[in-house]
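Asker: One structure follows; several queries about it will come next.
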Amino acid sequence: MATRFEDLFKTYNCDGITDEQVKKAVEKIVSENFEENNTPEVWKKCFSFIDLTSLKETDTEEEIRTMVEKVNDFDNHFPEVPSVAAVCVFPSMVSTVKDTLTEPIGIASVAAGFPASQTFLEVKTIETSLCVLDGATEIDVVISVGKFLEGRVEDVYEELTEIKAACKDAHLKVILETGALKTAANIRKASFLAMQAGADFIKTSTGKIPAAATPEATYIMCSAIKDWHEKTGIKVGYKPAGGISSTDDAVKHYSIVKEVLGEEWLNNTLFRIGTSSLANKLLTSIQGESVSYF
């Protein structure tokens, strides 16, 4: 492991965190704050944090256009609910979103060999550049998990810095794939590695493997963001994604972000929720009746 990253991980005490400590901290936060936060006001906030996502192998231009048109028309149906933060799609669908979208929200695209990240760095940077050229304002990429687990953190860092450069003015959201990293220490190390490389957001998961966004991952990553901000003054955003499919799930993650990072992070410039199914669940809770708008 490269010395500069050994120093980075030591500075932030990455090996000083255990899974048991995290579990207890999460249980305490949720038990003490869930009921207070389980309100229509918070449900609406959570809705405004959503990256409305469609990442299916079967996606068609017509389906993506229909989804975006529903975003455009959302205020006419739900004037009391703020719109979603962004629409997230595959690279080939970015231009379709750009040509259809009329609302002032983000256009996010997965890129850089998503979801496995097992391709050439040149492909990763070119795909990122093409997404930005087509109109993406946010780029979601996965770290090279295999390299990280091998201890090749220098290689992971260099890849991320090159991808960051390819993003130009677009925000870079770095996916750690926390379910594959397994331990609290690994997740904390990957968080600092991504932030050191210039990530604007760190994100839990692709949603493509069974273990996705857990409350424990949210606690670990938000704690890392807090420590990073205290030392550098830089605010990095947080995005749990994958497996957040109920209002209760959203409120649990909201509660942890609020307690660890504070009110400053409770806006869609610093907090996103990646999901394809949560939007209708939150609307159902907000409206008090079954809603299947999206």
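By convention in this document, the chains of the structure tokens carry letters A, B, ... by their order, each chain's residues are numbered from 1, and ligands are numbered from 1 in the order they are shown.
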Based on the backbone DSSP call, show me all residues of region 33-246 of chain A assigned helix (DSSP H, G or I), as number ranges by chain.

Answerer: A: 33-37, 40-48, 61-72, 74-77, 91-100, 121-134, 145-149, 153-167, 178-181, 184-196, 215-232

Asker: Save out the residues we just selected, C-alpha atoms, as a tab-separated table (two decimals), in the first residue's frame.

Answerer:
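For reference, again-v4.tsv as written:
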chain	number	residue	atom	x	y	z
A	33	ASN	CA	-34.94	10.00	15.97
A	34	PHE	CA	-37.08	7.91	13.62
A	35	GLU	CA	-40.49	8.85	15.02
A	36	GLU	CA	-39.65	12.57	15.13
A	37	ASN	CA	-38.57	12.47	11.47
A	40	PRO	CA	-45.04	14.46	5.81
A	41	GLU	CA	-42.57	17.36	5.85
A	42	VAL	CA	-39.61	14.96	5.91
A	43	TRP	CA	-41.23	12.69	3.30
A	44	LYS	CA	-41.44	15.70	0.97
A	45	LYS	CA	-37.80	16.56	1.66
A	46	CYS	CA	-36.78	12.99	0.90
A	47	PHE	CA	-38.71	13.15	-2.36
A	48	SER	CA	-36.74	16.26	-3.34
A	61	GLU	CA	-35.81	6.00	-25.66
A	62	GLU	CA	-39.60	6.10	-25.51
A	63	GLU	CA	-39.64	4.85	-21.90
A	64	ILE	CA	-37.03	7.39	-20.81
A	65	ARG	CA	-38.86	10.18	-22.65
A	66	THR	CA	-42.10	9.22	-20.90
A	67	MET	CA	-40.38	9.25	-17.49
A	68	VAL	CA	-38.89	12.69	-18.15
A	69	GLU	CA	-42.22	14.06	-19.40
A	70	LYS	CA	-43.76	12.99	-16.09
A	71	VAL	CA	-41.05	14.99	-14.32
A	72	ASN	CA	-41.87	17.99	-16.53
A	74	PHE	CA	-45.10	16.81	-12.01
A	75	ASP	CA	-46.02	20.19	-10.56
A	76	ASN	CA	-49.40	20.11	-12.28
A	77	HIS	CA	-50.26	16.88	-10.44
A	91	PRO	CA	-24.96	7.04	-21.17
A	92	SER	CA	-26.88	6.27	-24.35
A	93	MET	CA	-29.99	7.93	-22.90
A	94	VAL	CA	-28.43	11.23	-21.78
A	95	SER	CA	-29.28	13.05	-25.01
A	96	THR	CA	-32.87	11.80	-24.81
A	97	VAL	CA	-33.18	13.27	-21.31
A	98	LYS	CA	-31.57	16.55	-22.37
A	99	ASP	CA	-33.86	16.90	-25.39
A	100	THR	CA	-36.99	16.19	-23.30
A	121	LEU	CA	-9.22	3.43	-18.06
A	122	GLU	CA	-9.29	4.94	-21.55
A	123	VAL	CA	-12.83	3.61	-22.01
A	124	LYS	CA	-13.84	5.03	-18.62
A	125	THR	CA	-12.58	8.52	-19.38
A	126	ILE	CA	-13.94	8.60	-22.93
A	127	GLU	CA	-17.38	7.40	-21.82
A	128	THR	CA	-17.39	10.04	-19.09
A	129	SER	CA	-16.44	12.76	-21.56
A	130	LEU	CA	-19.13	11.67	-24.03
A	131	CYS	CA	-21.79	11.76	-21.30
A	132	VAL	CA	-20.81	15.32	-20.40
A	133	LEU	CA	-20.75	16.29	-24.08
A	134	ASP	CA	-24.29	14.93	-24.45
A	145	VAL	CA	-13.46	-2.65	-6.29
A	146	GLY	CA	-11.17	-5.57	-7.14
A	147	LYS	CA	-8.13	-3.31	-7.20
A	148	PHE	CA	-9.14	-1.74	-3.90
A	149	LEU	CA	-9.54	-5.13	-2.22
A	153	VAL	CA	-5.33	1.97	-3.75
A	154	GLU	CA	-2.86	4.09	-5.73
A	155	ASP	CA	-4.32	2.68	-8.95
A	156	VAL	CA	-7.88	3.34	-7.76
A	157	TYR	CA	-6.95	6.91	-6.86
A	158	GLU	CA	-5.24	7.59	-10.21
A	159	GLU	CA	-8.28	6.26	-12.09
A	160	LEU	CA	-10.64	8.49	-10.15
A	161	THR	CA	-8.52	11.61	-10.67
A	162	GLU	CA	-8.48	11.01	-14.44
A	163	ILE	CA	-12.24	10.43	-14.48
A	164	LYS	CA	-12.70	13.59	-12.40
A	165	ALA	CA	-10.74	15.55	-15.01
A	166	ALA	CA	-12.94	14.10	-17.75
A	167	CYS	CA	-16.04	15.36	-15.90
A	178	THR	CA	-20.20	-0.94	0.01
A	179	GLY	CA	-21.75	-4.41	-0.02
A	180	ALA	CA	-18.62	-5.75	-1.70
A	181	LEU	CA	-16.26	-3.90	0.64
A	184	ALA	CA	-16.54	-0.67	8.20
A	185	ALA	CA	-12.80	-0.05	7.88
A	186	ASN	CA	-12.83	-0.74	4.13
A	187	ILE	CA	-15.83	1.53	3.58
A	188	ARG	CA	-14.19	4.32	5.57
A	189	LYS	CA	-10.91	3.96	3.64
A	190	ALA	CA	-12.70	3.98	0.28
A	191	SER	CA	-14.64	7.09	1.34
A	192	PHE	CA	-11.46	9.05	2.05
A	193	LEU	CA	-9.77	7.73	-1.08
A	194	ALA	CA	-12.67	8.97	-3.22
A	195	MET	CA	-12.78	12.36	-1.50
A	196	GLN	CA	-9.01	12.75	-1.84
A	215	PRO	CA	-28.05	2.35	7.46
A	216	GLU	CA	-24.63	1.18	8.65
A	217	ALA	CA	-22.98	2.23	5.37
A	218	THR	CA	-24.71	5.60	5.63
A	219	TYR	CA	-23.35	6.11	9.14
A	220	ILE	CA	-19.79	5.17	8.13
A	221	MET	CA	-19.75	7.33	5.01
A	222	CYS	CA	-21.40	10.34	6.63
A	223	SER	CA	-18.93	10.13	9.53
A	224	ALA	CA	-16.10	10.19	6.98
A	225	ILE	CA	-17.65	13.20	5.20
A	226	LYS	CA	-17.93	15.00	8.55
A	227	ASP	CA	-14.28	14.33	9.41
A	228	TRP	CA	-13.16	15.37	5.93
A	229	HIS	CA	-15.10	18.64	6.19
A	230	GLU	CA	-13.65	19.41	9.62
A	231	LYS	CA	-10.07	19.01	8.35
A	232	THR	CA	-10.39	20.46	4.84

Asker: DSSP on the backbone, strand (DSSP E) only: what residues of region 123-293 of chain A does that give? Format it as a list in words.

Answerer: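 Going through region 123-293 of chain A, the strand (DSSP E) residues come out as Glu138, Ile139, Asp140, Val141, Val142, His171, Leu172, Lys173, Val174, Ile175, Phe201, Ile202, Lys203, Gly237, Tyr238, Lys239, Ile273, Gly274 and Thr275 of chain A.
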
Asker: Show me, as a ChimeraX atom specification, the residues that have an atom within 9 Å of Pro115 (chain A) when counting only C-alpha atoms, minus same-chain residues fewer than 5 positions from it.

Answerer: /A:110,141-142,206-208

Asker: CA of Ile244 (chain A) and CA of Thr119 (chain A), how far apart in Å?

Answerer: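 Spanning CA of Thr119 (chain A) to CA of Ile244 (chain A) is a straight-line distance of 28.1 Å.
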
Asker: Compare A:Asp249, A:Asp59, A:Asp7, A:Asp51 by their minimum atom-to-atom distance to Ala86 (chain A), counting only C-alpha atoms, and give me the closest one.

Answerer: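 Closest residue, counting only C-alpha atoms: A:Asp51.
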
Asker: What's around Ala85 (chain A) at 10 Å? Count only C-alpha atoms, leave out sequence neighbours fewer than 5 positions away in its own chain, and write the answer as an mmCIF file with C-alpha atoms, in the first residue's frame.

Answerer:
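Just written: selection_6.cif:
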data_model
loop_
_atom_site.group_PDB
_atom_site.id
_atom_site.type_symbol
_atom_site.label_atom_id
_atom_site.label_comp_id
_atom_site.auth_asym_id
_atom_site.auth_seq_id
_atom_site.Cartn_x
_atom_site.Cartn_y
_atom_site.Cartn_z
ATOM 1 C CA CYS A 46 -36.777 12.991 0.897
ATOM 2 C CA PHE A 47 -38.713 13.154 -2.357
ATOM 3 C CA SER A 48 -36.737 16.259 -3.340
ATOM 4 C CA PHE A 49 -33.488 14.327 -2.767
ATOM 5 C CA ILE A 50 -34.356 11.590 -5.284
ATOM 6 C CA ASP A 51 -32.262 10.831 -8.346
ATOM 7 C CA LEU A 52 -35.121 9.316 -10.372
ATOM 8 C CA PRO A 104 -34.218 22.893 -13.874
ATOM 9 C CA ILE A 105 -32.951 19.626 -12.373
ATOM 10 C CA GLY A 106 -29.819 17.540 -12.838
ATOM 11 C CA ILE A 107 -29.107 15.105 -15.649
ATOM 12 C CA ALA A 108 -27.114 12.260 -14.115
ATOM 13 C CA ASN A 267 -30.771 19.690 0.763
ATOM 14 C CA ASN A 268 -30.394 18.173 -2.683
ATOM 15 C CA THR A 269 -27.060 19.842 -3.375
ATOM 16 C CA PHE A 271 -27.889 14.749 -0.156
ATOM 17 C CA ARG A 272 -29.350 12.483 -2.830
ATOM 18 C CA ILE A 273 -31.213 9.197 -2.760
#

Asker: Tell me, in Å to one decimal, how far CA of Leu101 (chain A) is from CA of Thr53 (chain A).

Answerer: 14.3 Å

Asker: Mind giving me the straight-line distance from CA of Ser144 (chain A) to CA of Gln118 (chain A) in Å, one decimal?

Answerer: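 Computing it gives 7.0 Å between the two atoms.
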